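Single-structure report; data block below.
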There are 2 protein chains.
Amino acid sequence: MKESRLTQLVDWLKQENISACLLTSTPNVFYISGFYTDPHERLLGLLAFPDTEPAIICPNMEIEQVKKTGWAYGIIGYSDTEDPWEKIKKYVTNQNLTIEKIAIEQEHMIVSRLHKLQSTFPQAQLTSAELKMYDLRLKKDADEISILREAAKLADFGVEVGVHNIKKGRTEQELVAIIEYELKKKGISQMSFSTMALTGEKTASPHGKPGLDTIQHGDLVLFDLGVVLDGYCSDITRTVAFGDVNDQQQEIYETVLKAQLAAIGICKPGVEIGLIDKTARSIITESGFGDYFTHRIGHGLGIEVHEYPSMNETNTMLLQSGMVFTIEPGIYKPTVGGVRIEDDILVTESGIELLTSYPKDLHIIKA
Amino acid sequence: MKESRLTQLVDWLKQENISACLLTSTPNVFYISGFYTDPHERLLGLLAFPDTEPAIICPNMEIEQVKKTGWAYGIIGYSDTEDPWEKIKKYVTNQNLTIEKIAIEQEHMIVSRLHKLQSTFPQAQLTSAELKMYDLRLKKDADEISILREAAKLADFGVEVGVHNIKKGRTEQELVAIIEYELKKKGISQMSFSTMALTGEKTASPHGKPGLDTIQHGDLVLFDLGVVLDGYCSDITRTVAFGDVNDQQQEIYETVLKAQLAAIGICKPGVEIGLIDKTARSIITESGFGDYFTHRIGHGLGIEVHEYPSMNETNTMLLQSGMVFTIEPGIYKPTVGGVRIEDDILVTESGIELLTSYPKDLHIIKA
């Protein structure tokens, strides 16, 4: 349990005169309570109030797990045939609370639940809990940094396993299997997203899926992967060449690397996020590949693999120490191939710390 | 591309006088278009209209993949700095459409997007696309059944690998690693949910997470797993014993098996779903374990591992041929352990076909 996080949330409710907060996303419930579960289509929620004991609402079968995490407050369980909203109403009524204003996760709550909430508390005004939760989660504390550092090392290891297992005729999916097997042996039970190993022309698809395509001489091979460790994610991308590279592949690789190093190079507290994207983008554009860099420079990283803030060129937010995010420029040229290089960055008091550290010089693997 | 599915959706829009439908969930977009992607926090949508060409809205970097699936209609791409809702508005304006009524996925669309949609089309009345999509997806066609059958066989194989690799001192996570490695070698790139291998008292937690707990003499070992094959899920649970079982473990096992066989035994077209749950539940309750069967009897299965319909005791829907779902009673007794047995069931014209077929008699693995 993270007492100080709960206290900060409750203090905010008091300051803003909010009667109740209902957090419904797994990451936010975990951040405040330490309880991590994927409730699938069932309702999971953390209810906090300014002057009343908070409660977790969850399916009955999760109650034991909630207790095991050390949650010392209310637990509202419900069966598959009970209406969780009725249970919430009862809890609130029993506590003699008047709900005038409720903070919800507008980026997570679905429309049907909004309607349920509105019919449960028809008088209540709605407000957003999102900005407050973004704010609380933005700067990682020492415990979180220590986990993120370890998660990044495991991502490095995943790439190392992938690169060492490249050989002619091996399929993308075999590479994925080998990487995940080695990580599972190290105790990793969940990847932060579907591990990507792409080869040849498929590297030109930023969200391509590994398949039965085999590695051939002259292919680029791209790995994008991360692990979930104690609820926190890592995310790394490396691209290597097999056997040989042609001039255009090499030019693309060097352009991406130059852009990535330049973007990382300007990161420190006080720097505008948009400038990081622009720094990389201008290098890629000047090299004539601007049309092939089709996404933002990166994203926040923590409990979620893509979290606040979005690292894009229009973001005017300034970097602060404790922020963790990715820097991952890419060039994807259809029929030629794609290169992306991605690291996880922690902003420190004076600059940055690279959490991922797998080498980035163009590596041509002997065929 | 699934022309007839799109046609059925469009016909429904015409019948109901709905000006536009915006599908936003990966499963529904996939069902209609054949395009499968996880857009993370970005907007993915399929727009259908009664008399105008449909369109997929997606991040620019997904456009090539959409085309590759054979989608022959509109594609509205957007960059990370563009507002997808502006793009949708422009598309609709260019087509000279008046949007009076929009069908959305209320079980998927988040509140912030609802607000965006409402400000994009302030005059539009909202309605739900969910029931129609549930209805379209409920009865699986021959292609879907063929994939689901194959996916179930791979789930059987996963359990087989798990059972064969049980040995004293092995951790739950090692079992998961071995199972997934063998499945990946068969070309499976995604499990339908986090593979579960639990041992000892942890089997009493229906949603427990595999960890570093080791298998010991006298433990129950529970596997719950499934694969994603060509966009469709399987889901199987088996529980075995290691070395020996005590009387209570055996009684629990036999009760669950009896309940599961009885529930499966009554399935055929025309049977009420609630009765399936009640059949299993009454057997478990009569044996004195009613309080330890803390969830519904099962769930629909298809593109999603948990999909419509919910197989619970209050559901009055009748089974129809082509429906696919799980039957998975369980008894979870803290400190003793838990047993769950789950199969995937296809309703046929005359009865059912068991898609999963791994043996269910109590298997005591020699220590």
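We label chains A, B, ... in the order they appear in the structure tokens, count residues from 1 in each chain, and number ligands from 1 in the order shown.
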
Quiz item: Could you name the residues that touch stretch 92-96 of chain A at 12 Å or less, counting only C-alpha atoms, but leaving out those on the same chain fewer than 2 positions away, as an MDAnalysis selection string?
Solution: chainID A and resid 19:20 47:49 51:55 74 76 85:90 98:99 120:121

For the residues in that selection, give me C-alpha atoms as a compact mmCIF listing (two decimals), in the first residue's frame.
```
# COMPACT_ATOMS: atom_id res chain seq x y z
CA SER A 19 -17.26 14.38 -2.76
CA ALA A 20 -15.84 11.18 -4.22
CA LEU A 47 -13.37 4.87 -4.25
CA ALA A 48 -11.77 7.67 -2.27
CA PHE A 49 -13.57 10.32 -0.23
CA ASP A 51 -13.34 12.37 5.07
CA THR A 52 -14.36 8.72 4.82
CA GLU A 53 -12.49 5.46 4.55
CA PRO A 54 -11.70 4.55 0.92
CA ALA A 55 -12.84 1.26 -0.60
CA GLY A 74 -13.09 -1.06 2.73
CA ILE A 76 -16.93 -3.96 -1.73
CA TRP A 85 -23.38 0.07 -8.83
CA GLU A 86 -26.08 -0.93 -6.34
CA LYS A 87 -23.31 -2.06 -4.00
CA ILE A 88 -21.50 1.26 -4.37
CA LYS A 89 -24.71 3.13 -3.68
CA LYS A 90 -25.30 1.06 -0.54
CA THR A 98 -23.83 13.17 0.03
CA ILE A 99 -22.30 12.90 -3.42
CA THR A 120 -26.71 5.85 -9.40
CA PHE A 121 -25.92 9.46 -8.43
```

Quiz item: Hey, what does DSSP flag as strand (DSSP E or B) within stretch 124-310 of chain A? Can you give it to me as number ranges by chain?
Solution: A: 125-128, 171, 191, 196-199, 214, 220-225, 227-229, 232-233, 236-242, 272, 298-300, 307-310

Self-check item: All residues 9 Å or closer to A:Val339, only C-alpha atoms, same chain fewer than 5 positions away omitted, as JSON, numbers by chain
Solution: {"A": [203, 204, 220, 221, 222, 238, 239, 240, 249, 252, 253, 256, 329, 330, 331, 332, 333]}

Show me, as a short mmCIF file (atom, residue, chain, number, x, y, z; two decimals) with all heavy atoms, in the first residue's frame, every residue of chain A with an atom at most 8 Å from chain B, counting only C-alpha atoms.
```cif
data_model
loop_
_atom_site.label_atom_id
_atom_site.label_comp_id
_atom_site.auth_asym_id
_atom_site.auth_seq_id
_atom_site.Cartn_x
_atom_site.Cartn_y
_atom_site.Cartn_z
N HIS A 40 -10.83 -7.83 -16.68
CA HIS A 40 -11.53 -8.11 -17.93
C HIS A 40 -12.74 -7.17 -18.01
O HIS A 40 -12.60 -5.99 -17.75
CB HIS A 40 -11.90 -9.59 -18.03
CG HIS A 40 -10.69 -10.47 -18.10
ND1 HIS A 40 -9.98 -10.67 -19.26
CD2 HIS A 40 -10.04 -11.17 -17.14
CE1 HIS A 40 -8.96 -11.47 -19.01
NE2 HIS A 40 -8.98 -11.78 -17.73
N GLU A 41 -13.92 -7.72 -18.32
CA GLU A 41 -15.06 -6.82 -18.53
C GLU A 41 -15.75 -6.44 -17.22
O GLU A 41 -16.71 -5.67 -17.22
CB GLU A 41 -16.06 -7.43 -19.51
CG GLU A 41 -16.87 -8.59 -18.97
CD GLU A 41 -16.14 -9.92 -19.04
OE1 GLU A 41 -14.89 -9.95 -18.94
OE2 GLU A 41 -16.83 -10.96 -19.18
N ASN A 60 -16.14 -10.67 -6.22
CA ASN A 60 -15.91 -11.43 -4.98
C ASN A 60 -14.62 -12.25 -5.03
O ASN A 60 -13.90 -12.34 -4.04
CB ASN A 60 -17.07 -12.40 -4.74
CG ASN A 60 -18.28 -11.69 -4.16
OD1 ASN A 60 -18.15 -10.60 -3.59
ND2 ASN A 60 -19.45 -12.29 -4.33
N MET A 61 -14.36 -12.84 -6.19
CA MET A 61 -13.21 -13.75 -6.26
C MET A 61 -11.86 -13.03 -6.15
O MET A 61 -10.83 -13.68 -6.05
CB MET A 61 -13.26 -14.59 -7.54
CG MET A 61 -13.18 -13.78 -8.80
SD MET A 61 -13.25 -14.90 -10.23
CE MET A 61 -13.51 -13.71 -11.53
N GLU A 62 -11.87 -11.70 -6.16
CA GLU A 62 -10.62 -10.95 -6.04
C GLU A 62 -10.37 -10.48 -4.60
O GLU A 62 -9.30 -9.93 -4.30
CB GLU A 62 -10.66 -9.70 -6.94
CG GLU A 62 -10.93 -9.98 -8.40
CD GLU A 62 -9.67 -10.30 -9.18
OE1 GLU A 62 -8.63 -10.57 -8.56
OE2 GLU A 62 -9.75 -10.27 -10.43
N GLU A 64 -9.74 -11.85 -1.72
CA GLU A 64 -8.57 -12.38 -0.99
C GLU A 64 -7.27 -11.73 -1.47
O GLU A 64 -6.39 -11.40 -0.67
CB GLU A 64 -8.48 -13.90 -1.16
CG GLU A 64 -9.53 -14.67 -0.38
CD GLU A 64 -9.53 -14.32 1.11
OE1 GLU A 64 -8.44 -14.30 1.72
OE2 GLU A 64 -10.62 -14.04 1.65
N GLN A 65 -7.18 -11.54 -2.80
CA GLN A 65 -5.98 -10.92 -3.36
C GLN A 65 -5.84 -9.47 -2.89
O GLN A 65 -4.73 -9.00 -2.63
CB GLN A 65 -6.01 -10.95 -4.90
CG GLN A 65 -5.84 -12.32 -5.51
CD GLN A 65 -4.43 -12.88 -5.37
OE1 GLN A 65 -3.87 -12.91 -4.27
NE2 GLN A 65 -3.85 -13.34 -6.45
N SER A 79 -20.88 -10.38 -6.79
CA SER A 79 -20.89 -11.61 -7.58
C SER A 79 -21.27 -11.26 -9.01
O SER A 79 -21.67 -10.13 -9.30
CB SER A 79 -21.89 -12.60 -7.00
OG SER A 79 -23.20 -12.16 -7.30
N ASP A 80 -21.19 -12.24 -9.90
CA ASP A 80 -21.51 -12.00 -11.31
C ASP A 80 -22.98 -11.68 -11.53
O ASP A 80 -23.36 -11.19 -12.59
CB ASP A 80 -21.11 -13.20 -12.17
CG ASP A 80 -19.60 -13.22 -12.43
OD1 ASP A 80 -18.97 -12.15 -12.42
OD2 ASP A 80 -19.05 -14.31 -12.65
N THR A 81 -23.82 -11.97 -10.54
CA THR A 81 -25.24 -11.67 -10.71
C THR A 81 -25.67 -10.42 -9.95
O THR A 81 -26.83 -10.03 -9.99
CB THR A 81 -26.11 -12.87 -10.26
OG1 THR A 81 -25.71 -13.21 -8.92
CG2 THR A 81 -25.91 -14.07 -11.16
N GLN A 106 -11.97 9.91 -17.19
CA GLN A 106 -12.66 10.09 -18.47
C GLN A 106 -11.94 9.41 -19.63
O GLN A 106 -12.53 9.17 -20.67
CB GLN A 106 -12.81 11.58 -18.77
CG GLN A 106 -13.54 12.31 -17.64
CD GLN A 106 -14.02 13.69 -18.05
OE1 GLN A 106 -13.46 14.31 -18.94
NE2 GLN A 106 -15.06 14.16 -17.39
N GLU A 107 -10.66 9.12 -19.44
CA GLU A 107 -9.90 8.42 -20.48
C GLU A 107 -10.01 6.90 -20.30
O GLU A 107 -9.36 6.14 -21.01
CB GLU A 107 -8.42 8.81 -20.43
CG GLU A 107 -8.12 10.27 -20.63
CD GLU A 107 -8.38 10.72 -22.06
OE1 GLU A 107 -8.31 9.89 -22.98
OE2 GLU A 107 -8.68 11.92 -22.24
N HIS A 108 -10.73 6.47 -19.28
CA HIS A 108 -10.87 5.04 -19.07
C HIS A 108 -12.32 4.59 -18.95
O HIS A 108 -12.70 3.56 -19.49
CB HIS A 108 -10.09 4.59 -17.82
CG HIS A 108 -10.23 3.13 -17.57
ND1 HIS A 108 -11.17 2.61 -16.71
CD2 HIS A 108 -9.59 2.06 -18.11
CE1 HIS A 108 -11.08 1.28 -16.72
NE2 HIS A 108 -10.14 0.93 -17.56
N MET A 109 -13.14 5.36 -18.24
CA MET A 109 -14.52 4.92 -18.04
C MET A 109 -15.26 4.87 -19.37
O MET A 109 -15.17 5.78 -20.18
CB MET A 109 -15.26 5.86 -17.07
CG MET A 109 -16.66 5.36 -16.77
SD MET A 109 -17.54 6.38 -15.57
CE MET A 109 -16.81 5.79 -14.04
N ILE A 110 -15.99 3.78 -19.58
CA ILE A 110 -16.73 3.62 -20.82
C ILE A 110 -18.13 4.24 -20.67
O ILE A 110 -18.62 4.44 -19.56
CB ILE A 110 -16.83 2.14 -21.25
CG1 ILE A 110 -17.39 1.27 -20.12
CG2 ILE A 110 -15.48 1.63 -21.73
CD1 ILE A 110 -17.58 -0.19 -20.49
N VAL A 111 -18.73 4.53 -21.82
CA VAL A 111 -19.99 5.26 -21.85
C VAL A 111 -21.08 4.54 -21.06
O VAL A 111 -21.84 5.17 -20.32
CB VAL A 111 -20.43 5.50 -23.31
CG1 VAL A 111 -21.81 6.13 -23.37
CG2 VAL A 111 -19.40 6.39 -24.03
N SER A 112 -21.16 3.22 -21.19
CA SER A 112 -22.24 2.49 -20.48
C SER A 112 -22.08 2.64 -18.96
O SER A 112 -23.06 2.73 -18.24
CB SER A 112 -22.22 1.02 -20.87
OG SER A 112 -20.98 0.44 -20.54
N ARG A 113 -20.83 2.70 -18.48
CA ARG A 113 -20.62 2.88 -17.04
C ARG A 113 -20.91 4.32 -16.62
O ARG A 113 -21.39 4.55 -15.51
CB ARG A 113 -19.19 2.49 -16.65
CG ARG A 113 -19.06 1.00 -16.65
CD ARG A 113 -17.74 0.50 -16.08
NE ARG A 113 -17.76 -0.95 -16.18
CZ ARG A 113 -16.69 -1.71 -16.31
NH1 ARG A 113 -15.49 -1.16 -16.36
NH2 ARG A 113 -16.79 -3.03 -16.38
N LEU A 114 -20.61 5.24 -17.50
CA LEU A 114 -20.98 6.63 -17.22
C LEU A 114 -22.49 6.73 -16.99
O LEU A 114 -22.94 7.37 -16.04
CB LEU A 114 -20.57 7.52 -18.41
CG LEU A 114 -21.00 8.98 -18.33
CD1 LEU A 114 -20.21 9.72 -17.25
CD2 LEU A 114 -20.81 9.68 -19.68
N GLN A 173 8.82 -15.46 -35.49
CA GLN A 173 8.16 -16.01 -34.29
C GLN A 173 9.10 -16.88 -33.46
O GLN A 173 8.97 -16.93 -32.24
CB GLN A 173 6.92 -16.81 -34.70
CG GLN A 173 5.79 -15.88 -35.10
CD GLN A 173 4.46 -16.57 -35.16
OE1 GLN A 173 4.38 -17.79 -35.09
NE2 GLN A 173 3.41 -15.81 -35.29
N GLU A 174 10.02 -17.58 -34.10
CA GLU A 174 11.00 -18.34 -33.33
C GLU A 174 11.84 -17.41 -32.47
O GLU A 174 12.13 -17.69 -31.31
CB GLU A 174 11.90 -19.16 -34.26
CG GLU A 174 11.25 -20.45 -34.74
CD GLU A 174 12.07 -21.15 -35.83
OE1 GLU A 174 12.78 -20.46 -36.61
OE2 GLU A 174 11.99 -22.38 -35.91
N VAL A 176 10.96 -14.52 -31.30
CA VAL A 176 10.11 -14.07 -30.19
C VAL A 176 10.05 -15.14 -29.10
O VAL A 176 10.18 -14.86 -27.91
CB VAL A 176 8.69 -13.72 -30.70
CG1 VAL A 176 7.75 -13.47 -29.53
CG2 VAL A 176 8.73 -12.52 -31.64
N ALA A 177 9.85 -16.40 -29.53
CA ALA A 177 9.73 -17.50 -28.57
C ALA A 177 11.00 -17.62 -27.72
O ALA A 177 10.94 -17.79 -26.50
CB ALA A 177 9.46 -18.81 -29.31
N ILE A 178 12.13 -17.53 -28.37
CA ILE A 178 13.40 -17.69 -27.65
C ILE A 178 13.60 -16.55 -26.66
O ILE A 178 13.97 -16.75 -25.50
CB ILE A 178 14.58 -17.76 -28.66
CG1 ILE A 178 14.46 -19.03 -29.51
CG2 ILE A 178 15.92 -17.71 -27.94
CD1 ILE A 178 15.33 -19.03 -30.76
N GLU A 180 11.32 -14.60 -25.22
CA GLU A 180 10.38 -14.65 -24.09
C GLU A 180 10.69 -15.84 -23.17
O GLU A 180 10.52 -15.74 -21.96
CB GLU A 180 8.94 -14.69 -24.61
CG GLU A 180 8.59 -13.38 -25.32
CD GLU A 180 7.11 -13.22 -25.63
OE1 GLU A 180 6.33 -14.16 -25.39
OE2 GLU A 180 6.74 -12.14 -26.14
N TYR A 181 11.15 -16.93 -23.74
CA TYR A 181 11.50 -18.09 -22.91
C TYR A 181 12.64 -17.72 -21.95
O TYR A 181 12.59 -17.99 -20.76
CB TYR A 181 11.91 -19.26 -23.80
CG TYR A 181 12.26 -20.51 -23.03
CD1 TYR A 181 11.27 -21.23 -22.37
CD2 TYR A 181 13.56 -20.97 -22.96
CE1 TYR A 181 11.57 -22.37 -21.66
CE2 TYR A 181 13.88 -22.13 -22.24
CZ TYR A 181 12.87 -22.82 -21.59
OH TYR A 181 13.18 -23.95 -20.88
N LYS A 184 11.30 -15.43 -19.29
CA LYS A 184 10.46 -16.15 -18.31
C LYS A 184 11.35 -16.90 -17.33
O LYS A 184 11.04 -16.97 -16.14
CB LYS A 184 9.49 -17.09 -19.01
CG LYS A 184 8.33 -16.35 -19.64
CD LYS A 184 7.10 -17.19 -19.73
CE LYS A 184 5.92 -16.34 -20.18
NZ LYS A 184 6.11 -15.82 -21.57
N LYS A 185 12.42 -17.47 -17.83
CA LYS A 185 13.33 -18.18 -16.92
C LYS A 185 13.92 -17.25 -15.88
O LYS A 185 14.32 -17.65 -14.81
CB LYS A 185 14.44 -18.88 -17.73
CG LYS A 185 13.93 -20.14 -18.41
CD LYS A 185 15.04 -21.17 -18.63
CE LYS A 185 16.02 -20.68 -19.68
NZ LYS A 185 17.05 -21.70 -20.00
N GLY A 187 12.14 -15.08 -14.48
CA GLY A 187 11.04 -14.73 -13.57
C GLY A 187 10.06 -13.71 -14.12
O GLY A 187 9.18 -13.24 -13.41
N ILE A 188 10.20 -13.36 -15.40
CA ILE A 188 9.27 -12.38 -16.01
C ILE A 188 8.01 -13.10 -16.45
O ILE A 188 8.07 -14.03 -17.26
CB ILE A 188 9.95 -11.70 -17.22
CG1 ILE A 188 11.07 -10.80 -16.75
CG2 ILE A 188 8.93 -10.90 -18.05
CD1 ILE A 188 10.65 -9.73 -15.77
N SER A 189 6.86 -12.68 -15.93
CA SER A 189 5.62 -13.38 -16.28
C SER A 189 4.82 -12.63 -17.33
O SER A 189 3.86 -13.15 -17.87
CB SER A 189 4.76 -13.58 -15.04
OG SER A 189 4.39 -12.34 -14.49
N GLN A 190 5.21 -11.41 -17.64
CA GLN A 190 4.41 -10.63 -18.59
C GLN A 190 5.31 -9.69 -19.37
O GLN A 190 6.17 -9.01 -18.79
CB GLN A 190 3.38 -9.82 -17.80
CG GLN A 190 2.20 -9.36 -18.60
CD GLN A 190 1.28 -8.44 -17.79
OE1 GLN A 190 1.30 -8.44 -16.56
NE2 GLN A 190 0.49 -7.64 -18.47
N SER A 194 3.15 -7.12 -26.99
CA SER A 194 3.55 -8.28 -27.80
C SER A 194 4.95 -8.05 -28.37
O SER A 194 5.17 -7.10 -29.11
CB SER A 194 2.58 -8.49 -28.97
OG SER A 194 1.33 -8.88 -28.49
N SER A 205 7.13 -1.70 -41.31
CA SER A 205 5.81 -1.53 -40.69
C SER A 205 6.00 -1.30 -39.18
O SER A 205 6.33 -2.22 -38.45
CB SER A 205 4.98 -2.78 -40.94
OG SER A 205 3.81 -2.72 -40.18
N PRO A 206 5.76 -0.04 -38.72
CA PRO A 206 6.07 0.26 -37.31
C PRO A 206 5.31 -0.62 -36.32
O PRO A 206 5.77 -0.83 -35.23
CB PRO A 206 5.64 1.73 -37.16
CG PRO A 206 5.37 2.25 -38.51
CD PRO A 206 5.25 1.10 -39.46
N HIS A 207 4.13 -1.12 -36.71
CA HIS A 207 3.39 -2.00 -35.80
C HIS A 207 3.16 -3.38 -36.42
O HIS A 207 2.14 -4.01 -36.18
CB HIS A 207 2.05 -1.37 -35.39
CG HIS A 207 2.21 -0.36 -34.30
ND1 HIS A 207 1.17 0.37 -33.79
CD2 HIS A 207 3.30 0.02 -33.59
CE1 HIS A 207 1.62 1.18 -32.84
NE2 HIS A 207 2.91 0.99 -32.70
N GLY A 208 4.14 -3.84 -37.21
CA GLY A 208 4.01 -5.15 -37.86
C GLY A 208 3.98 -6.28 -36.85
O GLY A 208 4.41 -6.12 -35.71
N PRO A 210 5.09 -10.22 -35.87
CA PRO A 210 6.00 -11.30 -36.22
C PRO A 210 5.24 -12.49 -36.80
O PRO A 210 4.16 -12.83 -36.30
CB PRO A 210 6.62 -11.69 -34.88
CG PRO A 210 6.38 -10.52 -33.99
CD PRO A 210 5.11 -9.90 -34.45
N GLY A 211 5.79 -13.09 -37.82
CA GLY A 211 5.11 -14.21 -38.46
C GLY A 211 6.10 -15.28 -38.83
O GLY A 211 7.13 -15.46 -38.17
N LEU A 212 5.81 -15.97 -39.91
CA LEU A 212 6.67 -17.07 -40.34
C LEU A 212 7.70 -16.62 -41.37
O LEU A 212 8.39 -17.44 -41.96
CB LEU A 212 5.81 -18.22 -40.86
CG LEU A 212 4.85 -18.78 -39.77
CD1 LEU A 212 3.92 -19.83 -40.34
CD2 LEU A 212 5.64 -19.35 -38.58
N THR A 294 6.81 8.44 -39.24
CA THR A 294 5.35 8.64 -39.21
C THR A 294 4.77 8.68 -37.80
O THR A 294 3.56 8.57 -37.64
CB THR A 294 4.67 7.51 -40.00
OG1 THR A 294 5.28 6.27 -39.61
CG2 THR A 294 4.79 7.72 -41.49
N HIS A 295 5.60 8.78 -36.79
CA HIS A 295 5.05 8.84 -35.43
C HIS A 295 5.84 9.81 -34.57
O HIS A 295 6.88 10.33 -34.98
CB HIS A 295 5.02 7.43 -34.80
CG HIS A 295 6.36 6.74 -34.77
ND1 HIS A 295 7.35 7.08 -33.88
CD2 HIS A 295 6.87 5.74 -35.54
CE1 HIS A 295 8.40 6.31 -34.09
NE2 HIS A 295 8.15 5.49 -35.09
N ARG A 296 5.34 10.05 -33.38
CA ARG A 296 5.99 10.96 -32.43
C ARG A 296 7.33 10.38 -31.93
O ARG A 296 7.59 9.18 -32.09
CB ARG A 296 5.05 11.19 -31.24
CG ARG A 296 4.72 9.88 -30.54
CD ARG A 296 3.66 10.05 -29.47
NE ARG A 296 3.29 8.69 -29.02
CZ ARG A 296 2.47 8.41 -28.04
NH1 ARG A 296 1.89 9.38 -27.37
NH2 ARG A 296 2.21 7.17 -27.71
N HIS A 306 2.66 2.86 -22.53
CA HIS A 306 2.43 4.18 -23.12
C HIS A 306 1.69 4.98 -22.07
O HIS A 306 0.51 4.73 -21.82
CB HIS A 306 1.53 4.10 -24.36
CG HIS A 306 2.22 3.57 -25.58
ND1 HIS A 306 1.66 3.67 -26.83
CD2 HIS A 306 3.40 2.95 -25.75
CE1 HIS A 306 2.48 3.13 -27.72
NE2 HIS A 306 3.54 2.67 -27.10
N ASN A 312 5.39 14.51 -28.13
CA ASN A 312 5.22 14.92 -29.52
C ASN A 312 5.59 16.39 -29.72
O ASN A 312 5.80 17.12 -28.75
CB ASN A 312 3.80 14.61 -30.02
CG ASN A 312 2.75 15.43 -29.30
OD1 ASN A 312 2.87 16.66 -29.21
ND2 ASN A 312 1.74 14.78 -28.79
N GLU A 313 5.66 16.79 -30.97
CA GLU A 313 6.24 18.10 -31.26
C GLU A 313 5.40 19.28 -30.80
O GLU A 313 5.91 20.40 -30.74
CB GLU A 313 6.59 18.22 -32.76
CG GLU A 313 5.42 18.15 -33.70
CD GLU A 313 5.90 18.24 -35.16
OE1 GLU A 313 6.64 19.17 -35.51
OE2 GLU A 313 5.52 17.36 -35.94
N THR A 314 4.14 19.04 -30.47
CA THR A 314 3.31 20.18 -30.02
C THR A 314 3.23 20.27 -28.49
O THR A 314 2.57 21.16 -27.96
CB THR A 314 1.87 20.08 -30.58
OG1 THR A 314 1.28 18.88 -30.07
CG2 THR A 314 1.86 20.06 -32.10
#
```

Enumerate as a CSV table (one decimal) with C-alpha atoms, in the first residue's frame all residues of stretch 50-102 of chain B assigned to helix (DSSP H, G or I) by DSSP on the backbone, naming them with the chain letters and numbers the document uses.
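Final output, part_38.csv:
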```
chain,number,residue,atom,x,y,z
B,60,ASN,CA,-1.0,7.2,-40.4
B,61,MET,CA,1.5,4.4,-39.7
B,62,GLU,CA,-1.3,1.8,-39.9
B,63,ILE,CA,-2.5,2.8,-43.3
B,64,GLU,CA,-0.3,0.3,-45.2
B,65,GLN,CA,-1.5,-2.5,-43.0
B,66,VAL,CA,-5.1,-1.6,-43.5
B,67,LYS,CA,-4.6,-1.8,-47.3
B,68,LYS,CA,-2.8,-5.1,-47.0
B,84,PRO,CA,-8.7,12.5,-35.6
B,85,TRP,CA,-12.1,14.0,-34.8
B,86,GLU,CA,-11.4,17.0,-37.1
B,87,LYS,CA,-10.5,14.5,-39.8
B,88,ILE,CA,-13.7,12.5,-39.3
B,89,LYS,CA,-15.7,15.8,-39.5
B,90,LYS,CA,-13.9,16.7,-42.8
B,91,TYR,CA,-14.6,13.3,-44.3
B,92,VAL,CA,-18.3,13.5,-43.4
B,93,THR,CA,-18.5,17.1,-44.7
B,94,ASN,CA,-16.8,16.1,-48.0
```

Stretch 30-36 of chain A: which residues within 8 Å, counting only C-alpha atoms, same-chain residues fewer than 3 positions away excluded, as a tab-separated table (two decimals) with N, CA and C atoms, in the first residue's frame?
```tsv
chain	number	residue	atom	x	y	z
A	1	MET	N	0.84	-1.20	0.00
A	1	MET	CA	0.00	0.00	0.00
A	1	MET	C	0.88	1.25	0.00
A	2	LYS	N	0.41	2.24	-0.68
A	2	LYS	CA	1.20	3.45	-0.84
A	2	LYS	C	0.46	4.58	-0.13
A	3	GLU	N	0.65	4.65	1.19
A	3	GLU	CA	-0.10	5.59	2.03
A	3	GLU	C	-0.01	7.03	1.54
A	5	ARG	N	0.51	8.21	-1.36
A	5	ARG	CA	-0.22	8.45	-2.61
A	5	ARG	C	-1.70	8.63	-2.32
A	6	LEU	N	-2.23	7.77	-1.46
A	6	LEU	CA	-3.64	7.89	-1.06
A	6	LEU	C	-3.88	9.23	-0.38
A	26	THR	N	-6.82	-0.23	-14.11
A	26	THR	CA	-5.87	-1.07	-13.37
A	26	THR	C	-4.63	-0.27	-12.92
A	27	PRO	N	-4.01	0.52	-13.81
A	27	PRO	CA	-2.81	1.26	-13.38
A	27	PRO	C	-3.08	2.24	-12.23
A	65	GLN	N	-7.18	-11.54	-2.80
A	65	GLN	CA	-5.98	-10.92	-3.36
A	65	GLN	C	-5.84	-9.47	-2.89
A	66	VAL	N	-6.96	-8.75	-2.80
A	66	VAL	CA	-6.90	-7.36	-2.34
A	66	VAL	C	-6.34	-7.33	-0.91
A	69	THR	N	-2.56	-7.78	-0.60
A	69	THR	CA	-1.68	-6.67	-0.95
A	69	THR	C	-1.53	-5.71	0.24
A	71	TRP	N	-4.17	-3.94	1.64
A	71	TRP	CA	-5.21	-2.91	1.64
A	71	TRP	C	-6.01	-3.01	2.94
A	137	ARG	N	1.52	10.55	-10.93
A	137	ARG	CA	2.35	9.47	-11.48
A	137	ARG	C	3.52	9.96	-12.33
A	231	GLY	N	4.89	-4.59	-11.84
A	231	GLY	CA	3.89	-3.62	-12.26
A	231	GLY	C	4.42	-2.48	-13.12
A	303	ILE	N	3.90	2.55	-15.12
A	303	ILE	CA	2.99	1.42	-14.92
A	303	ILE	C	2.42	1.01	-16.27
```

Quiz item: Quick one, how far is atom CA of B:Lys132 from atom CA of B:Leu9?
Solution: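 Pair atom CA of B:Lys132 / atom CA of B:Leu9 returns 7.9 Å.
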
Quiz item: Using only C-alpha atoms, which residues sit within 7 Å of stretch 347-351 of chain A once same-chain residues fewer than 2 positions away are excluded, as a count of residues only?
Solution: 10
